[in-house]
>>> print(open('query03.cif').read())   # mmCIF, C-alpha atoms and all ligand atoms
data_input
#
loop_
_atom_site.label_atom_id
_atom_site.label_comp_id
_atom_site.auth_asym_id
_atom_site.auth_seq_id
_atom_site.Cartn_x
_atom_site.Cartn_y
_atom_site.Cartn_z
CA MET A 105 -19.20 -51.64 12.83
CA ARG A 106 -16.86 -48.74 12.21
CA MET A 107 -19.44 -46.01 11.87
CA PRO A 108 -20.26 -45.50 15.56
CA ASN A 109 -16.57 -45.31 16.43
CA LEU A 110 -15.88 -42.73 13.76
CA GLY A 111 -18.83 -40.68 14.89
CA LEU A 112 -17.56 -40.66 18.42
CA THR A 113 -14.07 -39.64 17.30
CA PHE A 114 -15.43 -36.68 15.36
CA ILE A 115 -17.24 -35.42 18.41
CA ALA A 116 -14.61 -36.26 20.99
CA LEU A 117 -11.45 -35.09 19.23
CA PRO A 118 -12.26 -31.36 19.01
CA LEU A 119 -13.31 -31.43 22.66
CA VAL A 120 -10.07 -33.08 23.72
CA ILE A 121 -8.00 -30.58 21.74
CA GLN A 122 -9.94 -27.65 23.14
CA ALA A 123 -9.49 -28.93 26.67
CA ALA A 124 -5.76 -29.38 26.17
CA ARG A 125 -5.47 -25.90 24.67
CA ALA A 126 -7.39 -24.32 27.52
CA ALA A 127 -5.15 -25.99 30.09
CA GLY A 128 -1.97 -25.12 28.17
CA ILE A 129 -1.09 -28.80 28.02
CA TRP A 130 1.71 -29.67 25.63
CA CYS A 131 3.66 -32.81 24.98
CA TYR A 132 5.89 -34.59 22.51
CA GLU A 133 4.57 -36.71 19.65
CA THR A 134 5.72 -39.90 21.44
CA GLN A 135 3.47 -39.10 24.38
CA ASP A 136 0.35 -38.06 22.50
CA PRO A 137 0.19 -36.61 18.96
CA LYS A 138 -2.86 -34.55 19.97
CA CYS A 139 -0.71 -32.20 22.07
CA GLY A 140 2.55 -32.70 20.12
CA PRO A 141 4.78 -29.99 18.58
CA LEU A 142 2.43 -29.36 15.64
CA HIS A 143 -0.18 -28.09 18.12
CA TRP A 144 2.10 -25.95 20.29
CA LYS A 145 1.29 -22.79 18.35
CA ASP A 146 -2.34 -23.23 19.42
CA ILE A 147 -1.42 -22.85 23.09
CA SER A 148 1.35 -20.29 22.55
CA LYS A 149 1.41 -18.02 19.51
CA SER A 150 5.21 -17.64 19.70
CA CYS A 151 5.65 -21.33 18.82
CA GLY A 152 4.56 -20.38 15.30
CA GLY A 153 7.01 -17.45 15.19
CA GLU A 154 9.80 -16.65 12.73
CA SER A 155 12.82 -17.14 15.02
CA GLN A 156 12.22 -20.53 16.54
CA SER A 157 14.58 -23.21 17.85
CA PRO A 158 16.04 -25.76 17.36
CA ILE A 159 17.70 -25.40 13.94
CA ASN A 160 20.23 -27.19 11.81
CA ILE A 161 23.67 -25.57 12.12
CA ASP A 162 24.86 -25.54 8.50
CA ARG A 163 28.58 -24.91 8.88
CA ARG A 164 29.02 -24.00 5.23
CA LYS A 165 26.79 -20.98 5.82
CA ALA A 166 28.12 -19.95 9.24
CA HIS A 167 29.73 -16.50 9.45
CA ARG A 168 33.02 -16.17 11.30
CA ASP A 169 32.73 -13.63 14.14
CA ARG A 170 36.05 -12.86 15.81
CA ASN A 171 34.26 -11.18 18.72
CA LEU A 172 33.06 -14.63 19.75
CA ASP A 173 35.97 -15.33 22.06
CA GLU A 174 36.18 -17.64 25.05
CA ILE A 175 33.16 -17.62 27.31
CA SER A 176 34.06 -16.89 30.90
CA PHE A 177 32.58 -19.60 33.13
CA GLU A 178 32.32 -18.49 36.75
CA GLY A 179 31.60 -20.94 39.53
CA TYR A 180 31.61 -23.85 37.08
CA ASP A 181 34.71 -25.39 38.63
CA GLN A 182 33.55 -25.72 42.22
CA ALA A 183 30.90 -27.84 43.89
CA PRO A 184 28.56 -25.32 45.50
CA PRO A 185 27.41 -25.96 49.07
CA GLY A 186 23.99 -27.51 49.58
CA ARG A 187 22.03 -30.00 47.53
CA TRP A 188 20.78 -30.23 44.01
CA ARG A 189 17.34 -31.54 43.16
CA LEU A 190 17.01 -33.80 40.13
CA MET A 191 13.43 -33.98 38.87
CA ASN A 192 11.26 -35.64 36.26
CA ASP A 193 9.03 -32.71 35.26
CA GLY A 194 6.97 -34.78 32.83
CA HIS A 195 8.89 -33.51 29.77
CA THR A 196 12.55 -33.95 30.72
CA VAL A 197 15.02 -34.67 33.52
CA ILE A 198 15.89 -31.32 35.05
CA MET A 199 18.35 -30.15 37.68
CA SER A 200 17.49 -26.86 39.29
CA LEU A 201 20.47 -24.70 40.26
CA ASP A 202 18.34 -21.91 41.64
CA GLY A 203 16.83 -21.27 45.03
CA THR A 204 20.00 -21.78 47.05
CA SER A 205 22.97 -19.61 47.88
CA THR A 206 24.58 -21.04 44.77
CA ALA A 207 22.28 -19.09 42.46
CA GLU A 208 24.53 -16.03 42.29
CA GLN A 209 27.76 -17.97 41.97
CA ILE A 210 27.24 -19.80 38.71
CA ASN A 211 27.32 -17.39 35.81
CA ILE A 212 28.70 -16.75 32.36
CA THR A 213 29.99 -13.62 30.59
CA LYS A 214 32.08 -12.69 27.52
CA GLY A 215 32.01 -14.89 24.42
CA GLY A 216 30.11 -12.13 22.66
CA LEU A 217 27.45 -11.94 25.40
CA GLU A 218 26.72 -8.35 26.30
CA ASP A 219 25.49 -9.15 29.79
CA ASN A 220 26.16 -11.49 32.67
CA TYR A 221 23.88 -14.56 32.84
CA ARG A 222 23.38 -16.71 35.93
CA GLY A 223 22.78 -20.45 35.88
CA LEU A 224 19.15 -21.44 36.47
CA GLN A 225 18.81 -25.11 35.52
CA PHE A 226 20.01 -27.79 33.17
CA HIS A 227 18.09 -30.57 31.45
CA PHE A 228 18.35 -33.11 28.63
CA HIS A 229 16.71 -34.12 25.35
CA TRP A 230 17.15 -37.68 24.03
CA GLY A 231 15.89 -40.21 21.50
CA ASP A 232 15.29 -43.93 21.87
CA HIS A 233 17.19 -47.16 21.17
CA ASN A 234 16.97 -46.64 17.42
CA ARG A 235 16.90 -42.91 17.07
CA ASN A 236 19.20 -40.01 17.99
CA GLY A 237 17.46 -37.34 20.01
CA SER A 238 19.42 -34.08 20.04
CA GLU A 239 17.38 -30.97 19.22
CA HIS A 240 20.02 -29.15 17.20
CA THR A 241 21.73 -30.86 14.31
CA ILE A 242 25.12 -29.95 12.79
CA ASP A 243 25.40 -30.25 9.01
CA GLY A 244 22.26 -32.38 9.17
CA HIS A 245 23.73 -34.81 11.70
CA ARG A 246 21.58 -35.56 14.74
CA TYR A 247 23.40 -36.59 17.93
CA PRO A 248 22.21 -39.10 20.56
CA MET A 249 21.42 -36.54 23.30
CA GLU A 250 21.62 -32.80 24.05
CA LEU A 251 22.26 -30.96 27.31
CA HIS A 252 20.84 -27.46 27.84
CA LEU A 253 22.25 -25.18 30.53
CA VAL A 254 19.72 -22.38 30.91
CA HIS A 255 20.97 -18.98 32.17
CA LEU A 256 19.03 -15.81 33.00
CA ASN A 257 20.26 -12.31 32.28
CA THR A 258 21.25 -10.98 35.73
CA LYS A 259 19.40 -7.75 34.85
CA TYR A 260 16.20 -9.68 35.46
CA LYS A 261 15.00 -11.18 38.70
CA THR A 262 12.83 -14.02 37.49
CA LEU A 263 12.44 -16.34 34.53
CA SER A 264 9.11 -14.80 33.61
CA GLU A 265 10.62 -11.32 33.64
CA ALA A 266 13.54 -12.50 31.46
CA LYS A 267 11.08 -14.06 29.00
CA GLY A 268 9.82 -10.56 28.26
CA HIS A 269 13.18 -9.30 26.93
CA PRO A 270 15.03 -10.25 23.71
CA ASN A 271 18.29 -10.78 25.62
CA GLY A 272 16.60 -12.42 28.59
CA ILE A 273 18.00 -15.94 28.35
CA ALA A 274 21.24 -17.61 27.25
CA VAL A 275 21.30 -21.37 26.73
CA LEU A 276 24.53 -23.34 26.44
CA SER A 277 23.95 -26.46 24.39
CA PHE A 278 26.14 -29.56 24.33
CA LEU A 279 25.73 -32.54 22.05
CA PHE A 280 26.67 -36.08 23.11
CA LYS A 281 28.60 -38.82 21.39
CA ILE A 282 28.68 -42.52 22.26
CA SER A 283 31.85 -43.74 23.97
CA GLY A 284 32.99 -47.24 24.83
CA ALA A 285 33.43 -46.49 28.53
CA ASP A 286 31.06 -44.85 31.00
CA ASN A 287 31.52 -41.13 31.57
CA THR A 288 31.93 -41.41 35.33
CA ASN A 289 31.19 -37.70 35.79
CA TYR A 290 27.59 -38.59 34.91
CA ASN A 291 27.33 -41.39 37.52
CA THR A 292 25.47 -39.25 40.07
CA ILE A 293 22.85 -38.15 37.57
CA VAL A 294 22.46 -41.57 35.95
CA ALA A 295 22.15 -43.25 39.37
CA GLY A 296 19.50 -40.71 40.35
CA LEU A 297 17.31 -41.57 37.35
CA ARG A 298 15.81 -44.66 38.94
CA ASN A 299 14.46 -42.50 41.76
CA ILE A 300 12.58 -40.26 39.35
CA SER A 301 10.84 -42.70 37.00
CA ARG A 302 7.44 -41.08 37.32
CA ALA A 303 6.48 -37.52 36.43
CA GLU A 304 6.92 -35.13 39.35
CA ASP A 305 9.25 -37.48 41.21
CA TYR A 306 12.39 -35.83 42.48
CA VAL A 307 15.53 -36.81 44.33
CA ASP A 308 17.90 -34.62 46.29
CA LEU A 309 21.42 -35.63 45.35
CA ALA A 310 23.63 -36.30 48.35
CA SER A 311 26.17 -33.76 47.15
CA THR A 312 26.67 -31.20 44.42
CA PHE A 313 29.54 -31.29 41.95
CA SER A 314 31.35 -28.91 39.60
CA LEU A 315 29.32 -28.25 36.50
CA SER A 316 32.54 -28.32 34.49
CA ASN A 317 32.72 -32.08 35.22
CA LEU A 318 29.70 -32.56 32.99
CA LEU A 319 31.29 -30.67 30.08
CA PRO A 320 34.20 -31.23 27.68
CA ARG A 321 37.63 -29.93 28.72
CA VAL A 322 37.62 -26.16 29.09
CA ASP A 323 40.26 -25.62 26.39
CA LEU A 324 37.85 -27.15 23.86
CA LEU A 325 35.01 -24.76 24.70
CA SER A 326 36.18 -21.87 22.52
CA LYS A 327 34.68 -23.66 19.49
CA TYR A 328 30.97 -22.88 19.26
CA TYR A 329 28.14 -21.58 17.08
CA ARG A 330 25.85 -18.72 18.01
CA TYR A 331 22.40 -17.68 16.84
CA LYS A 332 19.26 -15.99 18.15
CA GLY A 333 16.28 -18.22 18.71
CA SER A 334 13.64 -19.37 21.15
CA LEU A 335 12.92 -21.73 23.98
CA THR A 336 12.29 -25.17 22.45
CA THR A 337 9.23 -25.81 24.61
CA PRO A 338 6.02 -23.73 24.96
CA GLY A 339 5.73 -20.72 25.26
CA CYS A 340 8.64 -20.77 22.73
CA GLU A 341 9.54 -17.17 23.65
CA GLU A 342 12.04 -15.69 21.15
CA VAL A 343 14.44 -14.44 23.80
CA VAL A 344 17.29 -16.96 23.68
CA THR A 345 20.91 -16.39 22.73
CA TRP A 346 21.98 -19.90 21.74
CA THR A 347 25.51 -21.29 22.03
CA ILE A 348 26.01 -24.73 20.46
CA PHE A 349 29.42 -26.19 21.30
CA GLU A 350 31.34 -28.09 18.68
CA GLU A 351 33.05 -30.52 21.06
CA GLN A 352 30.74 -33.34 22.16
CA ILE A 353 30.34 -34.95 25.57
CA PRO A 354 31.10 -38.68 25.64
CA ILE A 355 28.55 -41.00 27.24
CA SER A 356 28.27 -44.80 27.10
CA LYS A 357 25.36 -46.64 25.50
CA THR A 358 24.44 -48.02 28.93
CA GLN A 359 24.25 -44.54 30.44
CA LEU A 360 22.17 -43.24 27.55
CA SER A 361 19.88 -46.28 27.86
CA ALA A 362 19.25 -45.35 31.49
CA PHE A 363 17.47 -42.19 30.25
CA VAL A 364 15.56 -44.06 27.52
CA ASP A 365 14.47 -46.98 29.74
CA THR A 366 13.93 -45.48 33.20
CA ILE A 367 12.04 -42.23 32.72
CA TYR A 368 8.28 -42.10 32.08
CA TYR A 369 5.89 -39.39 30.96
CA LYS A 370 2.92 -38.41 33.05
CA PRO A 371 0.30 -41.12 32.40
CA VAL A 372 -2.19 -40.26 29.63
CA ALA A 373 -5.52 -41.93 30.47
CA THR A 374 -4.21 -45.32 31.66
CA ALA A 375 -1.16 -45.67 29.43
CA LEU A 376 2.23 -45.33 31.08
CA LEU A 377 4.69 -44.38 28.34
CA LYS A 378 8.44 -44.15 28.42
CA MET A 379 9.85 -40.69 27.90
CA THR A 380 11.61 -41.01 24.54
CA ASN A 381 12.30 -38.65 21.64
CA ASN A 382 11.57 -35.62 23.80
CA PHE A 383 13.00 -33.22 21.25
CA ARG A 384 11.29 -30.59 19.11
CA PRO A 385 11.56 -30.93 15.31
CA LEU A 386 13.87 -28.53 13.44
CA GLN A 387 12.51 -25.04 12.77
CA PRO A 388 13.14 -22.88 9.69
CA LEU A 389 16.06 -20.44 9.82
CA ASN A 390 14.04 -17.72 8.04
CA GLY A 391 17.09 -15.68 7.06
CA ARG A 392 18.68 -15.63 10.51
CA LYS A 393 22.47 -15.71 10.62
CA ILE A 394 24.54 -18.37 12.35
CA TYR A 395 27.89 -17.18 13.66
CA ALA A 396 30.99 -19.31 14.22
CA SER A 397 33.28 -18.45 17.13
CA ARG A 398 36.91 -17.49 16.52
CA ASP A 399 38.03 -21.12 16.86
CA ALA A 400 35.02 -23.02 15.48
CA THR A 401 35.13 -25.10 12.29
CA ILE A 402 33.45 -23.61 9.26
CA SER A 403 35.58 -24.84 6.37
CA HIS A 404 33.85 -28.23 6.50
CA GLY A 405 32.13 -28.92 3.18
CA HIS A 406 33.42 -25.87 1.30
CA PRO A 407 34.29 -27.57 -1.98
CA ILE A 408 34.07 -24.42 -4.09
CA ALA A 409 36.54 -22.45 -2.01
CA VAL A 410 39.02 -25.33 -1.83
CA ASN A 411 38.71 -26.04 -5.55
CA LEU A 412 39.51 -22.43 -6.39
CA LEU A 413 42.06 -21.78 -3.69
CA VAL A 414 44.38 -24.76 -4.14
CA PRO A 415 45.11 -24.17 -7.88
CA LEU A 416 45.49 -20.44 -7.15
CA LEU A 417 48.07 -21.11 -4.42
CA LEU A 418 49.91 -23.59 -6.63
CA ALA A 419 49.98 -21.05 -9.45
CA LEU A 420 51.34 -18.38 -7.09
CA LEU A 421 54.03 -20.74 -5.82
CA ALA A 422 54.97 -21.67 -9.37
CA CYS A 423 55.31 -17.96 -10.24
CA HIS A 424 57.39 -17.35 -7.17
CA PHE A 425 59.85 -20.16 -7.87
CA SER A 426 60.10 -19.49 -11.59
CA GLY A 427 60.37 -15.73 -11.03
CA PRO A 428 63.55 -13.67 -11.35
CA SER A 429 66.29 -15.27 -9.29
C1 LIG A 501 29.51 -14.60 39.11
O1 LIG A 501 30.14 -15.64 39.85
C2 LIG A 501 31.28 -15.23 40.58
C3 LIG A 501 32.01 -16.44 41.14
O2 LIG A 501 31.21 -17.53 41.42
C4 LIG A 501 30.82 -14.26 41.66
O3 LIG A 501 31.92 -13.80 42.42
C5 LIG A 501 30.15 -13.07 40.99
O4 LIG A 501 29.63 -12.20 41.96
C6 LIG A 501 29.02 -13.54 40.07
N1 LIG A 501 28.56 -12.39 39.32
C7 LIG A 501 27.28 -12.06 39.26
C8 LIG A 501 26.95 -10.84 38.44
O5 LIG A 501 26.38 -12.71 39.78
C1 LIG A 502 23.48 -41.12 15.71
O1 LIG A 502 24.61 -40.79 16.46
C2 LIG A 502 25.67 -41.73 16.32
C3 LIG A 502 26.73 -41.36 17.33
O2 LIG A 502 27.09 -39.99 17.23
C4 LIG A 502 26.18 -41.71 14.88
O3 LIG A 502 27.20 -42.63 14.71
C5 LIG A 502 25.01 -41.99 13.95
O4 LIG A 502 25.42 -41.82 12.61
C6 LIG A 502 23.83 -41.08 14.22
N1 LIG A 502 22.70 -41.50 13.43
C7 LIG A 502 22.05 -40.64 12.63
C8 LIG A 502 20.89 -41.22 11.91
O5 LIG A 502 22.34 -39.46 12.52
C1 LIG A 503 16.88 -44.26 45.16
O1 LIG A 503 16.45 -45.60 44.83
C2 LIG A 503 17.23 -46.61 45.43
C3 LIG A 503 16.75 -47.97 44.97
O2 LIG A 503 16.03 -47.92 43.77
C4 LIG A 503 17.14 -46.52 46.94
O3 LIG A 503 17.99 -47.50 47.54
C5 LIG A 503 17.58 -45.14 47.39
O4 LIG A 503 17.38 -45.00 48.77
C6 LIG A 503 16.80 -44.04 46.66
N1 LIG A 503 17.38 -42.77 47.02
C7 LIG A 503 16.67 -41.75 47.44
C8 LIG A 503 17.45 -40.54 47.84
O5 LIG A 503 15.46 -41.76 47.51
ZN ZN A 504 16.00 -27.91 26.30
#
>>> encode(input="query03.cif", output="C-alpha cells", more="lines below")
Ligand SMILES: *[C@@H]1O[C@H](CO)[C@@H](O)[C@H](O)[C@H]1NC(C)=O
Ligand SMILES: *[C@@H]1O[C@H](CO)[C@@H](O)[C@H](O)[C@H]1NC(C)=O
Ligand SMILES: *[C@@H]1O[C@H](CO)[C@@H](O)[C@H](O)[C@H]1NC(C)=O
Ligand SMILES: [Zn+2]
Amino acid sequence: MRMPNLGLTFIALPLVIQAARAAGIWCYETQDPKCGPLHWKDISKSCGGESQSPINIDRRKAHRDRNLDEISFEGYDQAPPGRWRLMNDGHTVIMSLDGTSTAEQINITKGGLEDNYRGLQFHFHWGDHNRNGSEHTIDGHRYPMELHLVHLNTKYKTLSEAKGHPNGIAVLSFLFKISGADNTNYNTIVAGLRNISRAEDYVDLASTFSLSNLLPRVDLLSKYYRYKGSLTTPGCEEVVTWTIFEEQIPISKTQLSAFVDTIYYKPVATALLKMTNNFRPLQPLNGRKIYASRDATISHGHPIAVNLLVPLLLALLACHFSGPS
C-alpha cells in the first residue's frame, strides 16, 4: 500500500523544489517546509552567508561604544499628509511609507550612523498562541513580536540600489511585551488587520499618524544594541546596520491575537493556513561584534566582574577608613 505513494514522493519532491527555486519562492516553515528557511540559500546564495540576521544579543559579550549616542528621529513626531497602505504581502503585514510626499520627511541620523536614512516601510514578525515570535532574542529570551522599521541610505535612490552597498539599509527593531491593557496607539493597525486577511489584500488607512506613537517614549530610545547583519528574508543581502532597542513596546494579548488569528498566508494548493511564526531562526554570529549604546545595559549576567569588583571595593574602603587619620 505504501510503496506507490513513496515512489510518487521521490519523483515529485525534487520537481517541486526545483520549481520553487526557479520561481524564487520562499516561505516560513509553518507555511510549507519545502520552501522554509533551510532552503532559502538555494534561491539566494547570501542566505547561506557569514553575516546573517537575526541573532541572539548576548549582553555579556556586548562592547560598550560611547559613539552610539541618541538617534535623531526626523518626521517621526508628525502625521504626514496623505494615506498609508497596510498590506498582507503573503509573508508579513507591511505598511509602506514610500511613494508619497512623506518619503523625504521621515528619516534618521546620528546614533553612530554615518549617513542619513529615510523611512521606507515597517512590518512585523510574530509567533502563535503558544510561541513567542520575535526574530532577535536578548540573552536567549524570545519576545512575543518584533517590529522592523526599514530605512534606506539617502545616497541611494531605490531599495535594489541600496541592496548593493554594505551601508545601504538601516533597520530599527523593537521587541514587544504583553501588557494588561490595549496599546491604543496600535488600534488603527489592529483594526485594519481584518481587511487584509488574504495575501495581497490591502487597506488604505483613513489617516496617517506619528510613527513615534508606535514606539516607546523617546527618552527610552538611547538604549540599544548595534551590529552588522542582513535582511531576514531572501535575498538576505548583508547590507543592514541593525539597531535593536532595549525598551519594549507594550501590546495586549488580544491585540497580538489579532495578528495570529486574522492573517493568512497565500494558499498552498488548497490549504489556507494562518500566518504564524513568520520569523527566521537565529543565525550564527561568526565572530561579529555586538555594540551597546552609551546608555544600554550590558552588566546583566556579569558574575565574574561583580564577584571580583565588590570585594576589591570593600578592601579599598577598609584601607581608606583604617588609613592614617
Ligand atoms: C529629514 O527629515 C526632515 C524633517 O522631516 C527634513 O526636513 C529633511 O530634509 C530630511 N532629510 C533628508 C536628507 O531627507
Ligand atoms: C514569551 O514572552 C513572554 C512575555 O514577554 C515571557 O513572559 C515568556 O517568558 C516568553 N516565553 C519564552 C519561551 O521565552
Ligand atoms: C474593513 O472591514 C470592515 C468590516 O470587516 C468594513 O466595515 C470596512 O468598510 C472595511 N474597510 C475598508 C477600508 O475596506
Ligand atoms: Zn523583518
>>> residues_near_ligand(input="query03.cif", ligand="ligand LIG 502 (chain A)", cutoff="8 Å", atoms="all atoms listed in the file", output="NGL selection string")
:A and (235-236 or 244-248 or 280-282)
>>> residues_around(input="query03.cif", residues="A:Ile348", least_positions_apart="6", cutoff="8 Å", atoms="all atoms listed in the file", output="list in words")
Leu276, Ser277, Phe278, Leu279, Tyr328, Tyr329 and Arg330 of chain A
>>> atom_distance(input="query03.cif", atom1="atom CA of A:Ile355", atom2="atom CA of A:Val294")
10.6 Å
>>> residues_around(input="query03.cif", residues="A:Tyr180", least_positions_apart="3", cutoff="7 Å", atoms="only C-alpha atoms", output="MDAnalysis selection string")
chainID A and resid 177 210 314:316
>>> atom_distance(input="query03.cif", atom1="atom CA of A:Asp243", atom2="atom CA of A:Trp130")
28.9 Å
>>> closest_atom_pairs(input="query03.cif", of="chain A", to="ligand ZN 504 (chain A)", cutoff="8 Å", atoms="all atoms listed in the file", output="CSV")
residue,atom,partner,partner_atom,distance
A:Phe226,CA,A:ZN504,ZN,8.0
A:His227,CA,A:ZN504,ZN,6.2
A:Phe228,CA,A:ZN504,ZN,6.2
A:His229,CA,A:ZN504,ZN,6.3
A:Glu239,CA,A:ZN504,ZN,7.8
A:Glu250,CA,A:ZN504,ZN,7.8
A:Leu251,CA,A:ZN504,ZN,7.0
A:His252,CA,A:ZN504,ZN,5.1
A:Leu335,CA,A:ZN504,ZN,7.3
A:Thr336,CA,A:ZN504,ZN,6.0
A:Thr337,CA,A:ZN504,ZN,7.3
A:Phe383,CA,A:ZN504,ZN,7.9
>>> residues_near_ligand(input="query03.cif", ligand="ligand LIG 503 (chain A)", cutoff="12 Å", atoms="only C-alpha atoms and all ligand atoms", output="VMD selection string")
chain A and resid 187 to 191 292 to 301 305 to 311 366
>>> write_last_selection(input="query03.cif", atoms="C-alpha atoms", output="compact mmCIF listing (two decimals), keeping the file's coordinate frame")
# COMPACT_ATOMS: atom_id res chain seq x y z
CA ARG A 187 22.03 -30.00 47.53
CA TRP A 188 20.78 -30.23 44.01
CA ARG A 189 17.34 -31.54 43.16
CA LEU A 190 17.01 -33.80 40.13
CA MET A 191 13.43 -33.98 38.87
CA THR A 292 25.47 -39.25 40.07
CA ILE A 293 22.85 -38.15 37.57
CA VAL A 294 22.46 -41.57 35.95
CA ALA A 295 22.15 -43.25 39.37
CA GLY A 296 19.50 -40.71 40.35
CA LEU A 297 17.31 -41.57 37.35
CA ARG A 298 15.81 -44.66 38.94
CA ASN A 299 14.46 -42.50 41.76
CA ILE A 300 12.58 -40.26 39.35
CA SER A 301 10.84 -42.70 37.00
CA ASP A 305 9.25 -37.48 41.21
CA TYR A 306 12.39 -35.83 42.48
CA VAL A 307 15.53 -36.81 44.33
CA ASP A 308 17.90 -34.62 46.29
CA LEU A 309 21.42 -35.63 45.35
CA ALA A 310 23.63 -36.30 48.35
CA SER A 311 26.17 -33.76 47.15
CA THR A 366 13.93 -45.48 33.20
>>> atom_distance(input="query03.cif", atom1="atom CA of A:Thr345", atom2="atom C8 of ligand LIG 501 (chain A)")
17.7 Å
>>> closest_residue(input="query03.cif", among="A:Gln182, A:Asn211, A:Asn381, A:Thr241", to="A:Asn160", atoms="only C-alpha atoms")
A:Thr241
>>> closest_residue(input="query03.cif", among="A:Pro184, A:Pro354, A:Gly268, A:Pro141", to="ligand LIG 501 (chain A)", atoms="only C-alpha atoms and all ligand atoms")
A:Pro184
>>> residues_near_ligand(input="query03.cif", ligand="ligand LIG 501 (chain A)", cutoff="7 Å", atoms="all atoms listed in the file", output="list in words")
Glu178, Gly179, Glu208, Gln209, Ile210, Asn211, Asn220, Arg222 and Thr258 of chain A
>>> write_last_selection(input="query03.cif", atoms="C-alpha atoms", output="PDB file, in the frame of the given file")
ATOM      1  CA  GLU A 178      32.320 -18.490  36.750  1.00  0.00           C
ATOM      2  CA  GLY A 179      31.600 -20.940  39.530  1.00  0.00           C
ATOM      3  CA  GLU A 208      24.530 -16.030  42.290  1.00  0.00           C
ATOM      4  CA  GLN A 209      27.760 -17.970  41.970  1.00  0.00           C
ATOM      5  CA  ILE A 210      27.240 -19.800  38.710  1.00  0.00           C
ATOM      6  CA  ASN A 211      27.320 -17.390  35.810  1.00  0.00           C
ATOM      7  CA  ASN A 220      26.160 -11.490  32.670  1.00  0.00           C
ATOM      8  CA  ARG A 222      23.380 -16.710  35.930  1.00  0.00           C
ATOM      9  CA  THR A 258      21.250 -10.980  35.730  1.00  0.00           C
TER      10      THR A 258
END
>>> closest_atom_pairs(input="query03.cif", of="stretch 250-288 of chain A", to="stretch 144-157 of chain A", cutoff="12 Å", atoms="all atoms listed in the file", output="tab-separated table")
residue	atom	partner	partner_atom	distance
A:Lys267	CA	A:Ser150	CA	11.6
A:Pro270	CA	A:Ser155	CA	11.3
A:Val275	CA	A:Ser157	CA	11.3
A:Ser277	CA	A:Ser157	CA	11.9
>>> closest_residue(input="query03.cif", among="A:Gly333, A:Gly237, A:Gly215, A:Gly391", to="A:Met249", atoms="only C-alpha atoms")
A:Gly237
>>> decode(input="query03.cif", residues="stretch 228-239 of chain A", atoms="N, CA, C and O atoms", output="CSV table (one decimal), in the first residue's frame")
chain,number,residue,atom,x,y,z
A,228,PHE,N,6.0,43.4,10.6
A,228,PHE,CA,6.0,42.7,11.9
A,228,PHE,C,6.4,41.2,11.7
A,228,PHE,O,6.2,40.7,10.6
A,229,HIS,N,6.9,40.7,12.8
A,229,HIS,CA,7.2,39.2,12.8
A,229,HIS,C,6.5,38.7,14.2
A,229,HIS,O,6.7,39.4,15.2
A,230,TRP,N,5.8,37.6,14.1
A,230,TRP,CA,5.1,37.2,15.3
A,230,TRP,C,5.1,35.6,15.4
A,230,TRP,O,5.5,35.0,14.5
A,231,GLY,N,4.6,35.1,16.6
A,231,GLY,CA,4.6,33.7,16.8
A,231,GLY,C,3.2,33.1,16.6
A,231,GLY,O,2.5,33.3,15.6
A,232,ASP,N,2.7,32.4,17.7
A,232,ASP,CA,1.4,31.9,17.7
A,232,ASP,C,0.9,31.9,19.1
A,232,ASP,O,1.5,32.5,20.0
A,233,HIS,N,-0.2,31.2,19.4
A,233,HIS,CA,-0.8,31.3,20.8
A,233,HIS,C,0.1,30.7,21.8
A,233,HIS,O,0.0,31.0,23.0
A,234,ASN,N,1.0,29.8,21.4
A,234,ASN,CA,1.9,29.2,22.4
A,234,ASN,C,3.4,29.5,22.2
A,234,ASN,O,4.2,29.0,23.0
A,235,ARG,N,3.7,30.3,21.3
A,235,ARG,CA,5.1,30.5,21.0
A,235,ARG,C,5.4,32.0,20.7
A,235,ARG,O,4.6,32.6,20.0
A,236,ASN,N,6.5,32.5,21.3
A,236,ASN,CA,6.9,33.9,21.0
A,236,ASN,C,7.5,33.9,19.6
A,236,ASN,O,8.2,33.0,19.2
A,237,GLY,N,7.4,35.1,19.0
A,237,GLY,CA,7.8,35.1,17.6
A,237,GLY,C,8.7,36.2,17.2
A,237,GLY,O,8.7,36.6,16.0
A,238,SER,N,9.5,36.8,18.1
A,238,SER,CA,10.4,37.8,17.7
A,238,SER,C,11.5,37.2,16.9
A,238,SER,O,11.8,35.9,17.0
A,239,GLU,N,12.2,37.9,16.0
A,239,GLU,CA,13.4,37.3,15.3
A,239,GLU,C,14.6,37.4,16.1
A,239,GLU,O,15.3,36.4,16.3
